[in-house]
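Heads up: the structure comes next, in structure tokens.
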Amino acid sequence: MQLQRLRRTVERALLTPFYRRRLAQAGLKSSEDILSLDDLRRLPLTTKSDLREAYPDGLLAVDKSDVVRLHTSSGTTGTPTVIYHTRHDLDSWTELTARCILATGAGRADVFQNMMTYGLFTGGLGLHYGAERAGLLVIPSGAGNTGRQLRLMKDFRTTVLHATPSYMLHIHARLPEEGFRLDELNLKKAYLGGEPYSENTRRKIETLYGIRVYNSYGLSEMNGPGVAFECIHQDGMHIWEDAYHVVLIAPDTGRACADDHEGELVMTTLDREATPVLRYRTGDITTLLPGGCPCGRTHRRIARITGRTDDMLILNGVNVYPSQIEQLLMRVPGVATNYALTIEKVGALDRLTVKTEVDRQLFTGDLSALDRLKTHIAEAIKSGALIRPVVELHEPGALPVFEMKAKRVTDLRPKE
Ligand code: DLL
């Protein structure tokens with residue numbers, strides 16, 4: 001099935017300007033040149049910056065009239081990556097996410113509160129349709145507004161939550177302030193993902209709430225959530241191999257590495273019409289777990305993601321590159337070139353502080369002008385990178401200068 005689907009995918013890829021050029025360079029003119037799955041190695045790797053280069057339509061393999069939705073995600077600079085979906089693509093994504101939910105033992109009797117952002121971010125809509133298809137009652141509450149979330153949980157007897165791990169911890173910390181008690185709620189499970197977290201954090205959340213937490217992995221380039229998910233055994237995430245071909249590579253050489261070796265996850269879509277993606281470098285480091293799973297599913301499992309190959313930061317589930325912040329910052333008049341980013345945990349949530357030098361003329365004693373500039377910077381970053389930072393303004397020369405590669409990011413979040 002994988003070979004057949006791979007051929008179809010290459011056929012579709014050849015319809016896109018981007019891959020037509022790429023595959024020709026690799027000496028591949030037709031999907032008939034793919035005789036076995038091993039021939040995948042002949043295909044070039046695709047990176048996030050390739051996808052950005054192809055923005056907006058360079059990777060579109062179908063007629064525009066056949067696409068019914070698109071999602072974008074952040075790139076290293078202002079240009080995002082875009083994934084288009086046909087009706088078939090959405091249907092197949094829905095099947096995958098329904099499969100994830102059923103694998104955790106949830107079903108028609110469950111009430112699913114979807115606390116992920118709805119919109120261009122894939123977290124909300126991704127699991128929404130899968131949960132409906134699996135027959136759960138879906139509360140599309142979206143992210144934020146903790147008081148209302150708790151009220152919904154209580155009034156509608158929510159059993160399954162979908163959130164980032166940091167938001168789950170945040171809600172727990174806010175329970176007393178919001179006037180709720182855990183024993184008034186009916187929670188049984190949570191699907192947590194969109195950002196890295198450790199096994200300790202999983203256990204902590206399970207204990208705090210008295211529920212089961214299932215790890216959920218996905219990325220917008222591969223649809224979004226629903227790429228890999230834990231089953232009832234909570235021992236690694238089944239990666240749906242009828243929809244994705246997976247291989248691990250050594251990030252420095254690009255060569256395939258043994259499955260039980262840590263490597264960068266590289267994925268090929270096998271069932272997507274509108275935006276076929278070949279050998280995509282996810283930037284995520286993991287291993288493929290050996291052996292079968294007692295649940296009986298034969299889709300292999302990946303281990304928890306242990307890191308990234310690039311400098312992408314994930315703050316409360318939102319991906320951001322330091323270079324992207326830099327671009328947004330430098331566009332603001334009055335901002336000088338030296339800046340530094342600090343990330344820390346405040347309560348359960350991540351906080352980004354942007355320290356930036358500004359022109360000396362701005363320090364006139366007019367504090368309201370400085371305040372306006374801070375707000376302007378915070379808003380520019382929020383609208384471009386979806387994260388509202390705390391902004392600190394400094395006089396020229398006040399921030400450390402680096403002779404070699406500047407160390408702009410200080411991540412003070414505790415490593416578990
Ligand atoms: O975060 C899709 C998603 C939404 C997955 C909700 C799960 C739940 P992106 O915004 O494109 O898509 O970010 C994808 O987030 O490459 C990983 O680095 C990271 N990531 C996602 N899930 C996990 C996880 C969504 N369970 C990027 N553990 C990925 C560790 C994760 N990292």
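By order of appearance in the structure tokens: chains A, B, ..., then residues from 1 within every chain, and ligands from 1 in the order shown.
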
DSSP-assigned strand (DSSP E) members of region 58-306 of chain A, reported as a PyMOL selection string: chain A and resi 67-73+81-86+111-114+137-139+160-163+189-193+212-219+224-230+237-239+244-249+263-269+280-286+288-289+301-302

Applying 6 Å and only C-alpha atoms, which residues near Ile343 (chain A) remain after dropping the ones on its own chain fewer than 6 positions away? List them as a PyMOL selection string. chain A and resi 351-352+411-412

Nearby residues, ligand 1, 9 Å, only C-alpha atoms and all ligand atoms, as a ChimeraX atom specification: /A:72-74,116-117,121-124,126-127,162-164,191-198,214-229,237,282-285,304-308,312-314,317-319

Next, the residues of the selection above should be written as a compact mmCIF listing (two decimals), in the first residue's frame with N, CA and C atoms.
```txt
# COMPACT_ATOMS: atom_id res chain seq x y z
N THR A 72 -1.79 27.74 7.41
CA THR A 72 -0.40 28.20 7.29
C THR A 72 0.27 28.06 8.64
N SER A 73 1.59 28.04 8.61
CA SER A 73 2.31 28.02 9.89
C SER A 73 3.53 28.91 9.76
N SER A 74 4.13 29.22 10.91
CA SER A 74 5.21 30.19 10.90
C SER A 74 6.46 29.64 10.23
N MET A 116 -7.71 23.95 22.08
CA MET A 116 -6.66 24.44 21.18
C MET A 116 -7.22 25.58 20.34
N THR A 117 -6.34 26.45 19.89
CA THR A 117 -6.75 27.57 19.05
C THR A 117 -7.36 27.09 17.73
N PHE A 121 -3.83 27.94 12.85
CA PHE A 121 -3.17 26.89 13.63
C PHE A 121 -4.03 25.62 13.51
N THR A 122 -3.35 24.49 13.33
CA THR A 122 -4.08 23.26 13.01
C THR A 122 -4.63 22.53 14.23
N GLY A 123 -4.20 22.96 15.42
CA GLY A 123 -4.57 22.23 16.64
C GLY A 123 -6.06 22.15 16.86
N GLY A 124 -6.77 23.25 16.63
CA GLY A 124 -8.21 23.28 16.92
C GLY A 124 -9.02 22.47 15.92
N GLY A 126 -8.10 20.50 13.58
CA GLY A 126 -7.60 19.15 13.33
C GLY A 126 -8.33 18.09 14.11
N LEU A 127 -8.34 18.22 15.42
CA LEU A 127 -8.98 17.18 16.23
C LEU A 127 -10.50 17.35 16.29
N HIS A 162 -8.41 18.63 25.23
CA HIS A 162 -7.33 18.73 24.25
C HIS A 162 -6.66 20.08 24.47
N ALA A 163 -5.37 20.06 24.78
CA ALA A 163 -4.68 21.31 25.12
C ALA A 163 -3.18 21.12 25.00
N THR A 164 -2.46 22.21 25.21
CA THR A 164 -1.01 22.08 25.35
C THR A 164 -0.75 21.72 26.82
N TYR A 191 -5.56 14.92 25.84
CA TYR A 191 -4.65 14.75 24.72
C TYR A 191 -3.76 15.98 24.70
N LEU A 192 -2.48 15.78 24.96
CA LEU A 192 -1.59 16.94 25.08
C LEU A 192 -0.50 16.89 24.03
N GLY A 193 -0.28 18.02 23.38
CA GLY A 193 0.77 18.07 22.36
C GLY A 193 0.92 19.48 21.85
N GLY A 194 1.56 19.60 20.71
CA GLY A 194 1.80 20.91 20.12
C GLY A 194 3.09 21.53 20.62
N GLU A 195 3.65 20.98 21.68
CA GLU A 195 4.92 21.48 22.23
C GLU A 195 5.58 20.32 22.99
N PRO A 196 6.89 20.40 23.18
CA PRO A 196 7.56 19.29 23.87
C PRO A 196 7.25 19.27 25.36
N TYR A 197 7.18 18.11 25.92
CA TYR A 197 7.08 17.96 27.38
C TYR A 197 7.66 16.61 27.76
N SER A 198 8.02 16.49 29.02
CA SER A 198 8.73 15.28 29.43
C SER A 198 7.75 14.26 30.01
N TYR A 214 -2.48 11.46 27.16
CA TYR A 214 -1.97 10.80 25.95
C TYR A 214 -1.19 11.82 25.13
N ASN A 215 0.00 11.40 24.72
CA ASN A 215 0.85 12.29 23.94
C ASN A 215 0.37 12.33 22.49
N SER A 216 0.33 13.53 21.93
CA SER A 216 -0.15 13.74 20.57
C SER A 216 0.88 14.54 19.80
N TYR A 217 1.34 13.98 18.68
CA TYR A 217 2.37 14.66 17.88
C TYR A 217 1.83 14.99 16.49
N GLY A 218 2.20 16.13 16.01
CA GLY A 218 1.85 16.48 14.64
C GLY A 218 2.52 17.78 14.27
N LEU A 219 2.43 18.12 13.00
CA LEU A 219 3.00 19.38 12.53
C LEU A 219 2.19 19.82 11.33
N SER A 220 2.11 21.13 11.15
CA SER A 220 1.20 21.63 10.12
C SER A 220 1.56 21.13 8.73
N GLU A 221 2.85 20.94 8.47
CA GLU A 221 3.25 20.49 7.13
C GLU A 221 2.74 19.08 6.82
N MET A 222 2.44 18.32 7.89
CA MET A 222 1.89 16.96 7.72
C MET A 222 0.43 16.96 8.18
N ASN A 223 -0.29 18.01 7.91
CA ASN A 223 -1.69 18.27 8.30
C ASN A 223 -1.80 19.02 9.61
N GLY A 224 -1.18 18.47 10.66
CA GLY A 224 -1.34 19.05 12.00
C GLY A 224 -1.44 17.90 12.99
N PRO A 225 -2.26 18.00 14.04
CA PRO A 225 -2.37 16.87 14.95
C PRO A 225 -2.93 15.67 14.20
N GLY A 226 -2.66 14.46 14.74
CA GLY A 226 -3.17 13.27 14.07
C GLY A 226 -2.10 12.55 13.28
N VAL A 227 -0.84 12.97 13.44
CA VAL A 227 0.26 12.27 12.77
C VAL A 227 0.66 11.05 13.59
N ALA A 228 0.83 11.23 14.89
CA ALA A 228 1.21 10.13 15.78
C ALA A 228 0.54 10.36 17.13
N PHE A 229 0.07 9.28 17.74
CA PHE A 229 -0.75 9.41 18.94
C PHE A 229 -0.57 8.18 19.80
N MET A 237 4.13 6.79 20.47
CA MET A 237 3.00 7.24 19.64
C MET A 237 2.97 6.48 18.32
N THR A 282 11.42 17.26 9.47
CA THR A 282 10.56 17.87 10.49
C THR A 282 11.35 18.71 11.47
N GLY A 283 12.68 18.41 11.60
CA GLY A 283 13.47 19.10 12.62
C GLY A 283 13.29 18.47 14.00
N ASP A 284 12.45 17.45 14.10
CA ASP A 284 12.17 16.83 15.40
C ASP A 284 13.02 15.58 15.59
N ILE A 285 13.60 15.47 16.78
CA ILE A 285 14.48 14.34 17.09
C ILE A 285 13.71 13.28 17.88
N ARG A 304 8.79 9.86 22.51
CA ARG A 304 8.61 11.29 22.80
C ARG A 304 9.70 12.10 22.08
N ILE A 305 9.33 13.26 21.56
CA ILE A 305 10.31 14.11 20.86
C ILE A 305 11.29 14.67 21.91
N THR A 306 12.60 14.49 21.63
CA THR A 306 13.57 14.92 22.64
C THR A 306 14.23 16.26 22.32
N GLY A 307 14.04 16.76 21.11
CA GLY A 307 14.66 18.05 20.80
C GLY A 307 14.45 18.41 19.35
N ARG A 308 15.08 19.51 18.95
CA ARG A 308 14.96 19.97 17.57
C ARG A 308 16.34 20.16 16.98
N MET A 312 14.16 26.62 16.41
CA MET A 312 12.75 26.96 16.60
C MET A 312 12.38 26.87 18.08
N LEU A 313 11.70 27.91 18.56
CA LEU A 313 11.23 27.91 19.95
C LEU A 313 9.74 27.62 19.93
N ILE A 314 9.26 26.95 20.97
CA ILE A 314 7.82 26.74 21.08
C ILE A 314 7.39 27.35 22.41
N GLY A 317 2.90 26.49 23.00
CA GLY A 317 2.37 25.83 21.81
C GLY A 317 2.56 26.59 20.52
N VAL A 318 3.02 27.83 20.59
CA VAL A 318 3.20 28.63 19.37
C VAL A 318 4.66 28.56 18.93
N ASN A 319 4.86 28.20 17.66
CA ASN A 319 6.23 28.08 17.16
C ASN A 319 6.75 29.44 16.74
```

Out of A:Gly144, A:Pro251, A:Pro176, A:Gly130, which residue has the shortest atom-to-atom distance to Cys100 (chain A) when counting only C-alpha atoms?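 The shortest atom-to-atom distance to Cys100 (chain A) comes from A:Gly130.
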
Please provide the set of residues having any atom within 7 Å of region 36-46 of chain A, restricted to only C-alpha atoms, with same-chain residues fewer than 4 positions apart removed, written as a list in words. Leu3, Leu23, Ala26, Asp50, Leu278, Arg279, Tyr280 and Arg281 of chain A

Filtered DSSP result for region 161-317 of chain A, state helix (DSSP H, G or I), as a PyMOL selection string: chain A and resi 165-178+182-184+199-209+220-222

Could the residues in this selection be written to a file with N, CA and C atoms, as a PDB file, in the first residue's frame?
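again_2.pdb, written as the output of this step:
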```pdb
ATOM      1  N   PRO A 165       0.363  21.030  27.082  1.00  0.00           N
ATOM      2  CA  PRO A 165       0.660  20.690  28.477  1.00  0.00           C
ATOM      3  C   PRO A 165       0.772  21.939  29.361  1.00  0.00           C
ATOM      4  N   SER A 166       1.336  23.021  28.818  1.00  0.00           N
ATOM      5  CA  SER A 166       1.477  24.209  29.678  1.00  0.00           C
ATOM      6  C   SER A 166       0.104  24.778  30.054  1.00  0.00           C
ATOM      7  N   TYR A 167      -0.831  24.729  29.134  1.00  0.00           N
ATOM      8  CA  TYR A 167      -2.158  25.253  29.477  1.00  0.00           C
ATOM      9  C   TYR A 167      -2.858  24.368  30.517  1.00  0.00           C
ATOM     10  N   MET A 168      -2.634  23.063  30.413  1.00  0.00           N
ATOM     11  CA  MET A 168      -3.224  22.145  31.422  1.00  0.00           C
ATOM     12  C   MET A 168      -2.715  22.489  32.819  1.00  0.00           C
ATOM     13  N   LEU A 169      -1.431  22.769  32.925  1.00  0.00           N
ATOM     14  CA  LEU A 169      -0.857  23.110  34.237  1.00  0.00           C
ATOM     15  C   LEU A 169      -1.389  24.457  34.699  1.00  0.00           C
ATOM     16  N   HIS A 170      -1.532  25.372  33.763  1.00  0.00           N
ATOM     17  CA  HIS A 170      -2.036  26.701  34.082  1.00  0.00           C
ATOM     18  C   HIS A 170      -3.463  26.610  34.651  1.00  0.00           C
ATOM     19  N   ILE A 171      -4.293  25.844  33.988  1.00  0.00           N
ATOM     20  CA  ILE A 171      -5.680  25.717  34.462  1.00  0.00           C
ATOM     21  C   ILE A 171      -5.702  25.161  35.886  1.00  0.00           C
ATOM     22  N   HIS A 172      -4.861  24.165  36.113  1.00  0.00           N
ATOM     23  CA  HIS A 172      -4.876  23.557  37.436  1.00  0.00           C
ATOM     24  C   HIS A 172      -4.527  24.579  38.512  1.00  0.00           C
ATOM     25  N   ALA A 173      -3.526  25.394  38.193  1.00  0.00           N
ATOM     26  CA  ALA A 173      -3.099  26.403  39.169  1.00  0.00           C
ATOM     27  C   ALA A 173      -4.210  27.425  39.426  1.00  0.00           C
ATOM     28  N   ARG A 174      -5.081  27.634  38.457  1.00  0.00           N
ATOM     29  CA  ARG A 174      -6.108  28.667  38.571  1.00  0.00           C
ATOM     30  C   ARG A 174      -7.421  28.173  39.181  1.00  0.00           C
ATOM     31  N   LEU A 175      -7.520  26.863  39.396  1.00  0.00           N
ATOM     32  CA  LEU A 175      -8.794  26.302  39.891  1.00  0.00           C
ATOM     33  C   LEU A 175      -9.376  27.056  41.084  1.00  0.00           C
ATOM     34  N   PRO A 176      -8.603  27.218  42.184  1.00  0.00           N
ATOM     35  CA  PRO A 176      -9.195  27.868  43.359  1.00  0.00           C
ATOM     36  C   PRO A 176      -9.638  29.300  43.080  1.00  0.00           C
ATOM     37  N   GLU A 177      -8.761  30.073  42.396  1.00  0.00           N
ATOM     38  CA  GLU A 177      -9.106  31.460  42.076  1.00  0.00           C
ATOM     39  C   GLU A 177     -10.391  31.552  41.281  1.00  0.00           C
ATOM     40  N   GLU A 178     -10.584  30.596  40.390  1.00  0.00           N
ATOM     41  CA  GLU A 178     -11.767  30.647  39.534  1.00  0.00           C
ATOM     42  C   GLU A 178     -12.992  30.079  40.245  1.00  0.00           C
ATOM     43  N   LEU A 182     -11.756  20.242  41.721  1.00  0.00           N
ATOM     44  CA  LEU A 182     -11.610  19.126  40.783  1.00  0.00           C
ATOM     45  C   LEU A 182     -12.732  18.119  40.916  1.00  0.00           C
ATOM     46  N   ASP A 183     -13.190  17.915  42.166  1.00  0.00           N
ATOM     47  CA  ASP A 183     -14.206  16.866  42.345  1.00  0.00           C
ATOM     48  C   ASP A 183     -15.579  17.266  41.789  1.00  0.00           C
ATOM     49  N   GLU A 184     -15.697  18.519  41.331  1.00  0.00           N
ATOM     50  CA  GLU A 184     -16.948  18.898  40.653  1.00  0.00           C
ATOM     51  C   GLU A 184     -16.872  18.561  39.166  1.00  0.00           C
ATOM     52  N   GLU A 199       8.280  13.070  30.217  1.00  0.00           N
ATOM     53  CA  GLU A 199       7.495  12.010  30.854  1.00  0.00           C
ATOM     54  C   GLU A 199       7.100  12.457  32.274  1.00  0.00           C
ATOM     55  N   ASN A 200       8.003  13.180  32.938  1.00  0.00           N
ATOM     56  CA  ASN A 200       7.690  13.685  34.289  1.00  0.00           C
ATOM     57  C   ASN A 200       6.501  14.611  34.277  1.00  0.00           C
ATOM     58  N   THR A 201       6.455  15.499  33.282  1.00  0.00           N
ATOM     59  CA  THR A 201       5.332  16.427  33.195  1.00  0.00           C
ATOM     60  C   THR A 201       4.039  15.663  32.934  1.00  0.00           C
ATOM     61  N   ARG A 202       4.120  14.642  32.107  1.00  0.00           N
ATOM     62  CA  ARG A 202       2.922  13.831  31.870  1.00  0.00           C
ATOM     63  C   ARG A 202       2.407  13.254  33.199  1.00  0.00           C
ATOM     64  N   ARG A 203       3.351  12.642  33.950  1.00  0.00           N
ATOM     65  CA  ARG A 203       2.949  12.006  35.214  1.00  0.00           C
ATOM     66  C   ARG A 203       2.403  13.054  36.184  1.00  0.00           C
ATOM     67  N   LYS A 204       3.033  14.216  36.178  1.00  0.00           N
ATOM     68  CA  LYS A 204       2.603  15.273  37.088  1.00  0.00           C
ATOM     69  C   LYS A 204       1.158  15.672  36.769  1.00  0.00           C
ATOM     70  N   ILE A 205       0.874  15.886  35.502  1.00  0.00           N
ATOM     71  CA  ILE A 205      -0.483  16.298  35.117  1.00  0.00           C
ATOM     72  C   ILE A 205      -1.471  15.178  35.427  1.00  0.00           C
ATOM     73  N   GLU A 206      -1.043  13.936  35.196  1.00  0.00           N
ATOM     74  CA  GLU A 206      -1.938  12.807  35.499  1.00  0.00           C
ATOM     75  C   GLU A 206      -2.285  12.780  36.978  1.00  0.00           C
ATOM     76  N   THR A 207      -1.267  13.033  37.807  1.00  0.00           N
ATOM     77  CA  THR A 207      -1.493  12.981  39.248  1.00  0.00           C
ATOM     78  C   THR A 207      -2.321  14.172  39.731  1.00  0.00           C
ATOM     79  N   LEU A 208      -1.970  15.357  39.238  1.00  0.00           N
ATOM     80  CA  LEU A 208      -2.712  16.557  39.664  1.00  0.00           C
ATOM     81  C   LEU A 208      -4.201  16.427  39.382  1.00  0.00           C
ATOM     82  N   TYR A 209      -4.516  15.917  38.206  1.00  0.00           N
ATOM     83  CA  TYR A 209      -5.923  15.860  37.801  1.00  0.00           C
ATOM     84  C   TYR A 209      -6.589  14.508  38.082  1.00  0.00           C
ATOM     85  N   SER A 220       2.106  21.127  11.151  1.00  0.00           N
ATOM     86  CA  SER A 220       1.196  21.631  10.121  1.00  0.00           C
ATOM     87  C   SER A 220       1.560  21.132   8.731  1.00  0.00           C
ATOM     88  N   GLU A 221       2.847  20.935   8.469  1.00  0.00           N
ATOM     89  CA  GLU A 221       3.249  20.486   7.132  1.00  0.00           C
ATOM     90  C   GLU A 221       2.736  19.078   6.824  1.00  0.00           C
ATOM     91  N   MET A 222       2.437  18.321   7.886  1.00  0.00           N
ATOM     92  CA  MET A 222       1.889  16.964   7.722  1.00  0.00           C
ATOM     93  C   MET A 222       0.430  16.959   8.180  1.00  0.00           C
TER      94      MET A 222
END
```
